[in-house]
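Source file: input-v6.txt; contents: compact mmCIF, C-alpha atoms and all ligand atoms.
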```
# COMPACT_ATOMS: atom_id res chain seq x y z
CA ALA Z 1 -12.86 36.92 -63.54
CA GLU Z 2 -12.08 33.25 -63.95
CA VAL Z 3 -8.85 32.05 -62.35
CA VAL Z 4 -7.05 29.75 -64.79
CA GLY Z 5 -7.11 26.24 -63.40
CA GLY Z 6 -8.80 27.48 -60.24
CA GLY Z 7 -12.47 27.62 -60.99
CA ASP Z 8 -15.31 28.59 -58.72
CA LYS Z 9 -13.65 27.87 -55.40
CA GLU Z 10 -10.62 30.11 -55.93
CA VAL Z 11 -12.83 32.91 -57.22
CA VAL Z 12 -15.10 32.55 -54.19
CA ARG Z 13 -12.17 32.52 -51.73
CA GLU Z 14 -10.65 35.61 -53.31
CA TYR Z 15 -14.03 37.40 -53.28
CA PHE Z 16 -14.80 36.64 -49.62
CA ASN Z 17 -11.34 37.77 -48.54
CA ASN Z 18 -11.76 41.14 -50.27
CA THR Z 19 -14.80 42.99 -51.69
CA GLY Z 20 -17.17 40.22 -50.68
CA PHE Z 21 -15.89 40.39 -47.13
CA GLN Z 22 -16.54 44.16 -46.93
CA ARG Z 23 -19.99 43.78 -48.48
CA TRP Z 24 -21.20 40.83 -46.39
CA LYS Z 25 -19.69 42.06 -43.12
CA LYS Z 26 -21.90 45.14 -43.55
CA ILE Z 27 -25.00 43.15 -44.51
CA TYR Z 28 -24.55 40.74 -41.58
CA GLY Z 29 -23.73 43.57 -39.17
CA ASP Z 30 -25.97 46.13 -37.53
CA THR Z 31 -24.68 49.46 -38.79
CA ASP Z 32 -26.82 51.96 -40.76
CA ASP Z 33 -24.52 52.24 -43.80
CA VAL Z 34 -26.49 49.80 -45.91
CA ASN Z 35 -28.81 50.52 -48.81
CA ARG Z 36 -32.41 49.38 -49.04
CA VAL Z 37 -31.58 46.13 -50.86
CA GLN Z 38 -28.80 45.26 -48.41
CA MET Z 39 -31.14 46.00 -45.48
CA ASP Z 40 -33.71 43.63 -46.98
CA ILE Z 41 -31.09 40.89 -47.42
CA ARG Z 42 -29.97 41.48 -43.81
CA LEU Z 43 -33.55 40.89 -42.69
CA GLY Z 44 -33.99 37.76 -44.82
CA HIS Z 45 -30.71 36.28 -43.63
CA SER Z 46 -31.55 36.96 -39.98
CA LYS Z 47 -34.82 35.06 -40.53
CA THR Z 48 -32.84 32.11 -41.90
CA VAL Z 49 -30.60 32.11 -38.82
CA GLU Z 50 -33.68 32.38 -36.57
CA SER Z 51 -35.47 29.50 -38.36
CA THR Z 52 -32.34 27.36 -38.18
CA LEU Z 53 -32.06 27.88 -34.44
CA MET Z 54 -35.72 26.96 -34.06
CA MET Z 55 -35.32 23.84 -36.20
CA LEU Z 56 -32.32 22.74 -34.14
CA LYS Z 57 -33.88 23.48 -30.73
CA ASP Z 58 -37.06 21.69 -31.78
CA GLU Z 59 -35.34 18.35 -31.17
CA GLY Z 60 -34.27 19.27 -27.63
CA SER Z 61 -31.66 21.32 -25.82
CA LEU Z 62 -28.42 22.10 -27.66
CA GLU Z 63 -26.39 21.87 -24.46
CA GLY Z 64 -23.30 19.78 -25.26
CA VAL Z 65 -24.44 19.01 -28.82
CA THR Z 66 -21.52 19.14 -31.27
CA VAL Z 67 -22.23 21.36 -34.25
CA CYS Z 68 -20.14 21.94 -37.36
CA ASP Z 69 -20.97 25.31 -38.96
CA ALA Z 70 -19.50 24.99 -42.46
CA GLY Z 71 -18.97 28.34 -44.18
CA CYS Z 72 -19.61 30.26 -40.95
CA GLY Z 73 -19.14 33.77 -42.39
CA THR Z 74 -19.03 36.36 -39.60
CA GLY Z 75 -20.47 33.94 -37.04
CA SER Z 76 -24.16 34.85 -37.34
CA LEU Z 77 -25.16 31.29 -36.43
CA ALA Z 78 -22.08 30.04 -34.56
CA ILE Z 79 -22.38 32.72 -31.86
CA PRO Z 80 -26.06 32.14 -30.93
CA LEU Z 81 -25.42 28.37 -31.07
CA ALA Z 82 -22.63 28.76 -28.51
CA LYS Z 83 -25.02 30.77 -26.33
CA GLU Z 84 -27.35 27.75 -26.42
CA GLY Z 85 -24.56 25.59 -25.02
CA ALA Z 86 -23.63 23.84 -28.28
CA VAL Z 87 -20.01 22.80 -28.81
CA VAL Z 88 -19.39 24.65 -32.06
CA SER Z 89 -16.72 24.05 -34.71
CA ALA Z 90 -16.99 26.92 -37.16
CA SER Z 91 -15.00 27.15 -40.37
CA ASP Z 92 -14.87 29.19 -43.54
CA ILE Z 93 -12.82 29.27 -46.72
CA SER Z 94 -12.14 32.99 -46.08
CA ALA Z 95 -9.54 33.93 -43.47
CA ALA Z 96 -11.05 37.43 -43.29
CA MET Z 97 -14.46 35.98 -42.40
CA VAL Z 98 -13.01 33.67 -39.76
CA ALA Z 99 -11.07 36.55 -38.16
CA GLU Z 100 -14.23 38.66 -38.03
CA ALA Z 101 -16.30 35.80 -36.58
CA GLU Z 102 -13.67 35.22 -33.91
CA LYS Z 103 -13.59 38.93 -33.04
CA GLN Z 104 -17.38 39.08 -32.73
CA ALA Z 105 -17.51 35.91 -30.65
CA LYS Z 106 -15.01 37.42 -28.20
CA GLU Z 107 -17.12 40.57 -27.96
CA GLN Z 108 -20.46 38.81 -27.59
CA LEU Z 109 -19.74 35.67 -25.61
CA VAL Z 110 -18.79 35.72 -21.98
CA PHE Z 111 -16.10 33.16 -21.30
CA PRO Z 112 -16.06 30.82 -19.32
CA ALA Z 113 -19.86 30.91 -18.85
CA VAL Z 114 -20.16 30.13 -22.57
CA SER Z 115 -17.60 27.96 -24.34
CA MET Z 116 -16.11 29.68 -27.37
CA PRO Z 117 -16.68 28.19 -30.81
CA LYS Z 118 -13.53 26.73 -32.33
CA PHE Z 119 -12.81 28.73 -35.49
CA VAL Z 120 -10.72 27.45 -38.41
CA VAL Z 121 -9.93 28.61 -41.93
CA LYS Z 122 -10.87 25.63 -44.08
CA ASP Z 123 -13.01 24.96 -47.12
CA LEU Z 124 -15.85 22.61 -46.29
CA GLU Z 125 -14.53 19.96 -48.70
CA SER Z 126 -11.47 19.50 -46.41
CA LEU Z 127 -13.41 19.25 -43.15
CA ASP Z 128 -13.22 15.94 -41.32
CA GLY Z 129 -14.40 14.44 -38.04
CA LYS Z 130 -17.91 13.64 -36.85
CA TYR Z 131 -20.49 16.00 -35.40
CA ASP Z 132 -24.00 15.49 -34.01
CA THR Z 133 -25.23 18.24 -36.32
CA VAL Z 134 -23.79 19.85 -39.44
CA VAL Z 135 -25.12 23.20 -40.69
CA CYS Z 136 -24.28 25.00 -43.91
CA LEU Z 137 -26.20 28.21 -44.56
CA ASP Z 138 -26.19 30.24 -47.77
CA VAL Z 139 -22.99 28.68 -49.12
CA LEU Z 140 -24.31 26.47 -51.95
CA ILE Z 141 -25.35 29.60 -53.87
CA HIS Z 142 -21.68 29.96 -54.86
CA TYR Z 143 -21.50 26.55 -56.55
CA PRO Z 144 -23.21 24.92 -59.51
CA GLN Z 145 -25.26 21.79 -58.82
CA ASN Z 146 -22.54 19.42 -60.11
CA LYS Z 147 -20.20 20.78 -57.38
CA ALA Z 148 -22.99 21.06 -54.82
CA ASP Z 149 -23.74 17.32 -55.04
CA GLY Z 150 -20.28 16.44 -53.76
CA MET Z 151 -20.40 19.15 -51.09
CA ILE Z 152 -23.75 17.85 -49.81
CA ALA Z 153 -22.46 14.25 -49.75
CA HIS Z 154 -19.36 15.33 -47.84
CA LEU Z 155 -21.34 17.37 -45.29
CA ALA Z 156 -23.67 14.41 -44.71
CA SER Z 157 -20.64 12.17 -44.10
CA LEU Z 158 -19.59 14.46 -41.22
CA ALA Z 159 -22.98 14.34 -39.48
CA ASN Z 160 -24.22 11.69 -37.07
CA ASN Z 161 -27.80 12.88 -36.69
CA ARG Z 162 -28.76 15.76 -38.93
CA LEU Z 163 -27.73 18.16 -41.63
CA VAL Z 164 -29.29 21.60 -42.07
CA LEU Z 165 -28.79 23.35 -45.41
CA SER Z 166 -30.06 26.54 -46.96
CA PHE Z 167 -29.91 27.39 -50.63
CA ALA Z 168 -31.47 29.78 -53.13
CA PRO Z 169 -34.35 27.83 -54.67
CA LYS Z 170 -34.60 27.46 -58.41
CA THR Z 171 -38.16 28.48 -58.95
CA PHE Z 172 -39.62 30.20 -61.96
CA TYR Z 173 -39.96 33.57 -60.26
CA TYR Z 174 -36.48 33.62 -58.78
CA ASP Z 175 -34.95 32.36 -62.01
CA LEU Z 176 -36.54 35.30 -63.72
CA LEU Z 177 -35.29 37.80 -61.14
CA LYS Z 178 -31.80 36.40 -61.50
CA ARG Z 179 -31.90 36.68 -65.28
CA ILE Z 180 -33.00 40.28 -64.98
CA GLY Z 181 -30.10 40.78 -62.54
CA GLU Z 182 -27.69 39.35 -65.08
CA LEU Z 183 -28.92 41.77 -67.70
CA PHE Z 184 -28.26 44.64 -65.30
CA PRO Z 185 -25.36 43.52 -63.12
CA GLY Z 186 -24.68 45.80 -60.17
CA PRO Z 187 -21.10 46.75 -59.21
CA SER Z 188 -21.10 44.47 -56.17
CA LYS Z 189 -22.13 41.33 -58.04
CA ALA Z 190 -18.59 40.01 -58.33
CA THR Z 191 -19.45 36.32 -58.14
CA ARG Z 192 -22.00 34.22 -59.93
CA ALA Z 193 -25.03 33.07 -58.01
CA TYR Z 194 -26.27 29.54 -58.60
CA LEU Z 195 -29.80 28.44 -57.86
CA HIS Z 196 -30.60 24.87 -56.86
CA SER Z 197 -33.82 23.00 -57.28
CA GLU Z 198 -35.13 21.30 -54.19
CA ALA Z 199 -35.44 18.06 -56.19
CA ASP Z 200 -31.73 18.15 -57.08
CA VAL Z 201 -30.73 18.72 -53.45
CA GLU Z 202 -33.06 15.95 -52.35
CA ARG Z 203 -31.57 13.58 -54.94
CA ALA Z 204 -28.01 14.37 -53.78
CA LEU Z 205 -29.06 13.54 -50.20
CA GLN Z 206 -30.85 10.34 -51.20
CA LYS Z 207 -27.79 9.10 -53.07
CA VAL Z 208 -25.90 9.02 -49.74
CA GLY Z 209 -28.80 7.61 -47.72
CA TRP Z 210 -30.30 10.79 -46.29
CA LYS Z 211 -33.86 12.13 -46.44
CA ILE Z 212 -35.44 15.52 -45.82
CA ARG Z 213 -37.39 15.72 -42.56
CA LYS Z 214 -38.27 19.43 -42.37
CA ARG Z 215 -38.56 22.16 -44.95
CA GLY Z 216 -38.92 25.89 -44.70
CA LEU Z 217 -38.93 28.82 -47.09
CA ILE Z 218 -37.63 32.26 -46.15
CA THR Z 219 -38.42 35.14 -48.46
CA THR Z 220 -38.22 38.89 -48.31
CA GLN Z 221 -38.21 41.21 -51.30
CA PHE Z 222 -34.65 40.39 -52.40
CA TYR Z 223 -33.74 37.34 -50.34
CA PHE Z 224 -34.96 33.80 -50.99
CA ALA Z 225 -33.81 30.72 -49.14
CA LYS Z 226 -35.05 27.20 -48.89
CA LEU Z 227 -34.10 25.71 -45.54
CA ILE Z 228 -34.06 21.95 -45.10
CA GLU Z 229 -33.20 19.54 -42.33
CA ALA Z 230 -32.05 16.11 -43.44
CA VAL Z 231 -31.57 12.93 -41.41
CA PRO Z 232 -30.20 9.46 -42.22
CA MET Z 233 -32.82 7.20 -43.87
N1 LIG A 1 -23.10 30.79 -43.36
C1 LIG A 1 -22.89 32.19 -43.07
C2 LIG A 1 -24.18 32.84 -42.70
O1 LIG A 1 -25.24 32.36 -43.10
O2 LIG A 1 -24.15 33.87 -42.00
C3 LIG A 1 -22.20 32.93 -44.24
C4 LIG A 1 -22.94 32.94 -45.56
S1 LIG A 1 -22.04 33.83 -46.85
C5 LIG A 1 -23.25 34.26 -48.06
C6 LIG A 1 -21.18 32.52 -47.67
C7 LIG A 1 -19.92 32.09 -46.92
O3 LIG A 1 -19.49 30.84 -47.43
C8 LIG A 1 -18.76 33.04 -47.02
O4 LIG A 1 -18.29 33.37 -45.74
C9 LIG A 1 -17.72 32.24 -47.82
O5 LIG A 1 -16.40 32.58 -47.51
C10 LIG A 1 -18.08 30.82 -47.46
N2 LIG A 1 -17.68 29.79 -48.43
C11 LIG A 1 -17.84 29.80 -49.76
N3 LIG A 1 -17.39 28.66 -50.30
C12 LIG A 1 -16.93 27.88 -49.29
C13 LIG A 1 -16.36 26.59 -49.21
N4 LIG A 1 -16.13 25.87 -50.29
N5 LIG A 1 -16.01 26.12 -48.01
C14 LIG A 1 -16.21 26.86 -46.90
N6 LIG A 1 -16.75 28.11 -46.90
C15 LIG A 1 -17.12 28.61 -48.09
```
Taking this structure as input, can you express it in the form of structure tokens?
Amino acid sequence: AEVVGGGDKEVVREYFNNTGFQRWKKIYGDTDDVNRVQMDIRLGHSKTVESTLMMLKDEGSLEGVTVCDAGCGTGSLAIPLAKEGAVVSASDISAAMVAEAEKQAKEQLVFPAVSMPKFVVKDLESLDGKYDTVVCLDVLIHYPQNKADGMIAHLASLANNRLVLSFAPKTFYYDLLKRIGELFPGPSKATRAYLHSEADVERALQKVGWKIRKRGLITTQFYFAKLIEAVPM
């Protein structure tokens, strides 16, 4: 349902504080109460997190590196980053997600051996400050390219050295799958999913003086993500 005067962002916030929170907490968790599709998405997403950690560690130790995790969800990336010694600022538009991430961090991280990520409820458009690294995984799927351009530019403005993004790639095959999905919408598909072409993302980065340095593609049966690392030109 479209919120009058609100648009995508209000719909997304509402979704991730309610049904979307319940659905994604399960997918990102480790309990058995998931169906086959959700299990496949869990696997794909865990590969994205794994690849992101590898991309980031590739450039050297994360000890003391400041990382902004924009749209942190339940902390799937923020928690392992903290374990690597990164100084993590994690935020999400959904208060429910942030509360869950904080709870899981307290359970999984041993303080003071590991410094806790700093969690805040904030949409990424309102984030400020400067970080060595900015990461934003599987968030752009909720926004059309005309919104995504501004989000990408803003995220780049927060990063000193690198920006890691994942998005659902607009390829022929995935476009087709999505269209089939729209013909037969499942009960849990409460928000629209937007695909982005790699060329569009690359153009948005170039406009603000950034270029793509590394690219990866993560696919399972029902999960597709393009993962890119961008650096200033
Ligand atoms: N990045 C996390 C991960 O990969 O585990 C979560 C991905 S989940 C599919 C998308 C998340 O983006 C949700 O937690 C949602 O609340 C958040 N989100 C959506 N729009 C946002 C925005 N404009 N600013 C910040 N967070 C946003």
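Distances here use only C-alpha atoms and all ligand atoms; by that measure, the residue among Z:Pro112, Z:Gly64, Z:Gly71, Z:Gly20 closest to ligand LIG 1 (chain A) is Z:Gly71.
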Checklist entry - If you count all atoms listed in the file, which residues end up within 9 Å of ligand LIG 1 (chain A), as a PyMOL selection string? => result chain Z and resi 8-10+12-17+20-21+24+28+45-46+48-49+69-78+91-98+121-127+135-143+151+166
Checklist entry - Which neighbours of Lys130 of chain Z fall inside 7 Å, counting all atoms listed in the file, when residues of the same chain fewer than 2 positions from it are skipped, and could you give them as a ChimeraX atom specification? => result /Z:128,132,158-160
Checklist entry - Mind pulling up the distance from atom CA of Lys226 of chain Z to atom CA of Ile27 of chain Z? => result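 About the pair atom CA of Ile27 of chain Z and atom CA of Lys226 of chain Z: they are 19.4 Å apart.
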Let me have the centre and edge lengths of the axis-aligned box enclosing all listed atoms of segment 152-158 of chain Z with 3 Å padding on every side, in Å to one decimal, as AutoDock Vina command-line options.
```
--center_x -21.6 --center_y 15.0 --center_z -45.5 --size_x 10.4 --size_y 11.7 --size_z 14.6
```
Next on the checklist: Would you pick out the contacts of Ala86 of chain Z at 9 Å or less, using all atoms listed in the file, so that residues sharing its chain but fewer than 3 positions from it are not included, and give the list as JSON, numbers by chain?
Outcome noted: {"Z": [61, 62, 63, 64, 65, 66, 67, 78, 81, 82, 83, 115, 117]}
Checklist entry - What does the distance from atom CA of Trp210 of chain Z to atom CA of Leu53 of chain Z come to in Å, to one decimal? => result 20.9 Å
Checklist entry - Which residue out of Z:Met233, Z:Ile218, Z:Leu177, Z:Ala193 has the minimum interatomic distance to Lys47 of chain Z when all atoms listed in the file are used? => result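 Result for the nearest residue to Lys47 of chain Z: Z:Ile218.
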Any chance you could turn segment 154-167 of chain Z into a file with N, CA and C atoms, as a short mmCIF file (atom, residue, chain, number, x, y, z; two decimals), in the first residue's frame?
```
data_model
loop_
_atom_site.label_atom_id
_atom_site.label_comp_id
_atom_site.auth_asym_id
_atom_site.auth_seq_id
_atom_site.Cartn_x
_atom_site.Cartn_y
_atom_site.Cartn_z
N HIS Z 154 25.41 9.80 -1.62
CA HIS Z 154 25.53 10.14 -0.21
C HIS Z 154 26.46 9.17 0.52
N LEU Z 155 26.32 7.88 0.24
CA LEU Z 155 27.19 6.88 0.89
C LEU Z 155 28.65 7.12 0.53
N ALA Z 156 28.90 7.46 -0.74
CA ALA Z 156 30.28 7.74 -1.17
C ALA Z 156 30.84 8.95 -0.41
N SER Z 157 29.98 9.94 -0.15
CA SER Z 157 30.44 11.15 0.54
C SER Z 157 30.85 10.87 1.99
N LEU Z 158 30.40 9.75 2.54
CA LEU Z 158 30.73 9.39 3.93
C LEU Z 158 32.02 8.58 4.02
N ALA Z 159 32.51 8.11 2.86
CA ALA Z 159 33.64 7.17 2.86
C ALA Z 159 34.94 7.85 2.47
N ASN Z 160 35.99 7.57 3.24
CA ASN Z 160 37.32 8.06 2.88
C ASN Z 160 37.97 7.18 1.82
N ASN Z 161 37.89 5.86 2.01
CA ASN Z 161 38.68 4.95 1.17
C ASN Z 161 37.90 4.04 0.26
N ARG Z 162 36.78 3.52 0.75
CA ARG Z 162 36.05 2.56 -0.10
C ARG Z 162 34.59 2.43 0.30
N LEU Z 163 33.84 2.01 -0.69
CA LEU Z 163 32.40 1.81 -0.54
C LEU Z 163 32.06 0.44 -1.11
N VAL Z 164 31.43 -0.40 -0.30
CA VAL Z 164 31.02 -1.72 -0.78
C VAL Z 164 29.49 -1.77 -0.83
N LEU Z 165 28.97 -2.13 -1.98
CA LEU Z 165 27.52 -2.15 -2.20
C LEU Z 165 27.09 -3.50 -2.77
N SER Z 166 25.92 -3.97 -2.38
CA SER Z 166 25.35 -5.10 -3.10
C SER Z 166 23.96 -4.71 -3.57
N PHE Z 167 23.59 -5.25 -4.70
CA PHE Z 167 22.26 -4.97 -5.26
C PHE Z 167 21.83 -6.13 -6.14
#
```
